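Presented below is the structure to which this report refers.
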Amino acid sequence: FAEDERPQARAAVEEIRAAPSGHRAWSRAQRFGELLREDWEYVKVNVMYRAVAAKYSQYPEYAKELAATTGGIQTAVSTVDWQRMNRLILERVREEARSPDHRNEKRLAALVGLTEPRAQGAGVLEKLRQFAGQH
């Protein structure tokens, strides 16, 4: 709802921005569910990916450090499926930060598929029908 111009949305954004920590910002944001965009459940992982990627692009020394790691990434305990999604987001950023000759393109493609906005609506059903008709 950051782009929402309604007064209650603007007030919510400012309240969340004023939070003294990430955890407090998350807690404050939970109170404004009615202001979420309609497609939020379909795009939220990609929004988080873009935020994390932007953070690492601003701090190349941390991106280089992340790119040098191997194996699974441990993340803080979170709600529902977010611990897993945070791990996948960081794995995608890590693969993208690696030089092309050290990148696992197959893994990166899978991570992109998991972190891009999910298709929704009647258009999805039509695409599935077309695909089924071709195979």
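Letters for chains follow the order of the structure tokens (A, B, ...), residue numbers begin at 1 for each chain, and ligand numbers begin at 1 in the order shown.
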
Residues near region 65-81 of chain A, cut-off 12 Å, only C-alpha atoms, skip fewer than 4 positions along chain, as a PyMOL selection string: chain A and resi 23+26-27+30+45+53+56-57+59-61+85-100+102-104

Could those selected residues go to a file with N, CA, C and O atoms, as a compact mmCIF listing (two decimals), in the first residue's frame?
```txt
# COMPACT_ATOMS: atom_id res chain seq x y z
N HIS A 23 11.68 -5.53 13.10
CA HIS A 23 10.64 -6.30 13.77
C HIS A 23 9.45 -5.43 14.15
O HIS A 23 8.30 -5.81 13.95
N TRP A 26 7.45 -4.59 11.04
CA TRP A 26 6.61 -5.72 10.65
C TRP A 26 5.38 -5.77 11.55
O TRP A 26 4.26 -5.94 11.06
N SER A 27 5.57 -5.64 12.85
CA SER A 27 4.44 -5.69 13.79
C SER A 27 3.42 -4.60 13.49
O SER A 27 2.22 -4.85 13.49
N GLN A 30 1.29 -5.31 10.35
CA GLN A 30 0.27 -6.35 10.47
C GLN A 30 -1.11 -5.79 10.78
O GLN A 30 -2.12 -6.43 10.52
N VAL A 45 6.47 -12.09 -2.50
CA VAL A 45 7.82 -12.68 -2.50
C VAL A 45 8.73 -11.91 -3.45
O VAL A 45 9.88 -11.62 -3.13
N ALA A 53 17.63 -7.58 -3.13
CA ALA A 53 18.58 -7.36 -4.23
C ALA A 53 19.08 -5.92 -4.24
O ALA A 53 20.27 -5.66 -4.45
N TYR A 56 21.70 -5.44 -1.47
CA TYR A 56 23.01 -5.97 -1.83
C TYR A 56 23.67 -5.16 -2.95
O TYR A 56 24.89 -5.05 -3.00
N SER A 57 22.88 -4.57 -3.84
CA SER A 57 23.49 -3.75 -4.90
C SER A 57 24.07 -2.46 -4.33
O SER A 57 25.01 -1.91 -4.89
N TYR A 59 25.55 -2.35 -1.42
CA TYR A 59 26.71 -2.74 -0.61
C TYR A 59 27.45 -3.89 -1.30
O TYR A 59 27.34 -5.05 -0.91
N PRO A 60 28.20 -3.55 -2.37
CA PRO A 60 28.86 -4.60 -3.16
C PRO A 60 29.80 -5.50 -2.36
O PRO A 60 29.97 -6.67 -2.69
N GLU A 61 30.38 -4.96 -1.28
CA GLU A 61 31.27 -5.81 -0.48
C GLU A 61 30.48 -6.94 0.20
O GLU A 61 30.98 -8.05 0.32
N MET A 85 11.11 -18.87 2.29
CA MET A 85 11.16 -17.91 1.18
C MET A 85 12.35 -16.96 1.33
O MET A 85 13.00 -16.62 0.34
N ASN A 86 12.65 -16.55 2.55
CA ASN A 86 13.83 -15.69 2.76
C ASN A 86 15.09 -16.41 2.32
O ASN A 86 15.98 -15.80 1.70
N ARG A 87 15.17 -17.69 2.62
CA ARG A 87 16.32 -18.49 2.20
C ARG A 87 16.43 -18.53 0.67
O ARG A 87 17.50 -18.34 0.09
N LEU A 88 15.30 -18.78 0.00
CA LEU A 88 15.30 -18.84 -1.47
C LEU A 88 15.64 -17.48 -2.09
O LEU A 88 16.36 -17.41 -3.09
N ILE A 89 15.13 -16.42 -1.50
CA ILE A 89 15.44 -15.07 -1.99
C ILE A 89 16.94 -14.82 -1.89
O ILE A 89 17.58 -14.36 -2.84
N LEU A 90 17.53 -15.15 -0.74
CA LEU A 90 18.98 -14.95 -0.57
C LEU A 90 19.77 -15.84 -1.51
O LEU A 90 20.81 -15.42 -2.03
N GLU A 91 19.31 -17.06 -1.74
CA GLU A 91 20.00 -17.94 -2.69
C GLU A 91 19.97 -17.34 -4.09
O GLU A 91 20.95 -17.42 -4.83
N ARG A 92 18.84 -16.75 -4.49
CA ARG A 92 18.75 -16.12 -5.81
C ARG A 92 19.72 -14.95 -5.90
O ARG A 92 20.47 -14.82 -6.88
N VAL A 93 19.72 -14.10 -4.89
CA VAL A 93 20.63 -12.94 -4.89
C VAL A 93 22.08 -13.43 -4.94
O VAL A 93 22.91 -12.85 -5.65
N ARG A 94 22.38 -14.51 -4.22
CA ARG A 94 23.73 -15.06 -4.22
C ARG A 94 24.13 -15.53 -5.62
O ARG A 94 25.22 -15.20 -6.11
N GLU A 95 23.25 -16.28 -6.28
CA GLU A 95 23.57 -16.75 -7.63
C GLU A 95 23.75 -15.57 -8.59
O GLU A 95 24.64 -15.57 -9.43
N GLU A 96 22.90 -14.56 -8.48
CA GLU A 96 23.01 -13.39 -9.36
C GLU A 96 24.28 -12.59 -9.10
O GLU A 96 24.81 -11.96 -10.01
N ALA A 97 24.77 -12.64 -7.86
CA ALA A 97 25.98 -11.90 -7.50
C ALA A 97 27.25 -12.60 -7.99
O ALA A 97 28.31 -11.97 -8.09
N ARG A 98 27.14 -13.87 -8.30
CA ARG A 98 28.31 -14.60 -8.78
C ARG A 98 28.62 -14.25 -10.23
O ARG A 98 27.74 -13.90 -11.00
N SER A 99 29.88 -14.39 -10.58
CA SER A 99 30.25 -14.17 -11.98
C SER A 99 29.62 -15.27 -12.82
O SER A 99 29.39 -16.38 -12.33
N PRO A 100 29.31 -14.98 -14.09
CA PRO A 100 28.63 -15.97 -14.94
C PRO A 100 29.32 -17.33 -15.00
O PRO A 100 28.66 -18.36 -15.06
N HIS A 102 30.79 -18.83 -12.63
CA HIS A 102 30.63 -19.54 -11.35
C HIS A 102 29.16 -19.69 -10.96
O HIS A 102 28.85 -20.18 -9.89
N ARG A 103 28.29 -19.25 -11.84
CA ARG A 103 26.85 -19.27 -11.55
C ARG A 103 26.24 -20.61 -11.95
O ARG A 103 26.59 -21.17 -12.98
N ASN A 104 25.34 -21.10 -11.14
CA ASN A 104 24.58 -22.31 -11.46
C ASN A 104 23.30 -21.84 -12.15
O ASN A 104 22.32 -21.52 -11.49
```

Pairwise distance for CA of Glu38 (chain A) and CA of Arg17 (chain A), rounded to one decimal in Å: 21.8 Å

CA of Ile16 (chain A) to CA of Arg28 (chain A), distance in Å rounded to a single decimal: 5.8 Å

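For the residues A:Lys44, A:Lys55, A:Lys64, A:Arg50, ranking by smallest atom-to-atom distance to Arg118 (chain A) using only C-alpha atoms places A:Lys44 first.
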
Residue set, chain A restricted to alpha helix (DSSP H), as a PyMOL selection string: chain A and resi 7-17+22-29+40-58+60-67+82-97+105-115+122-134
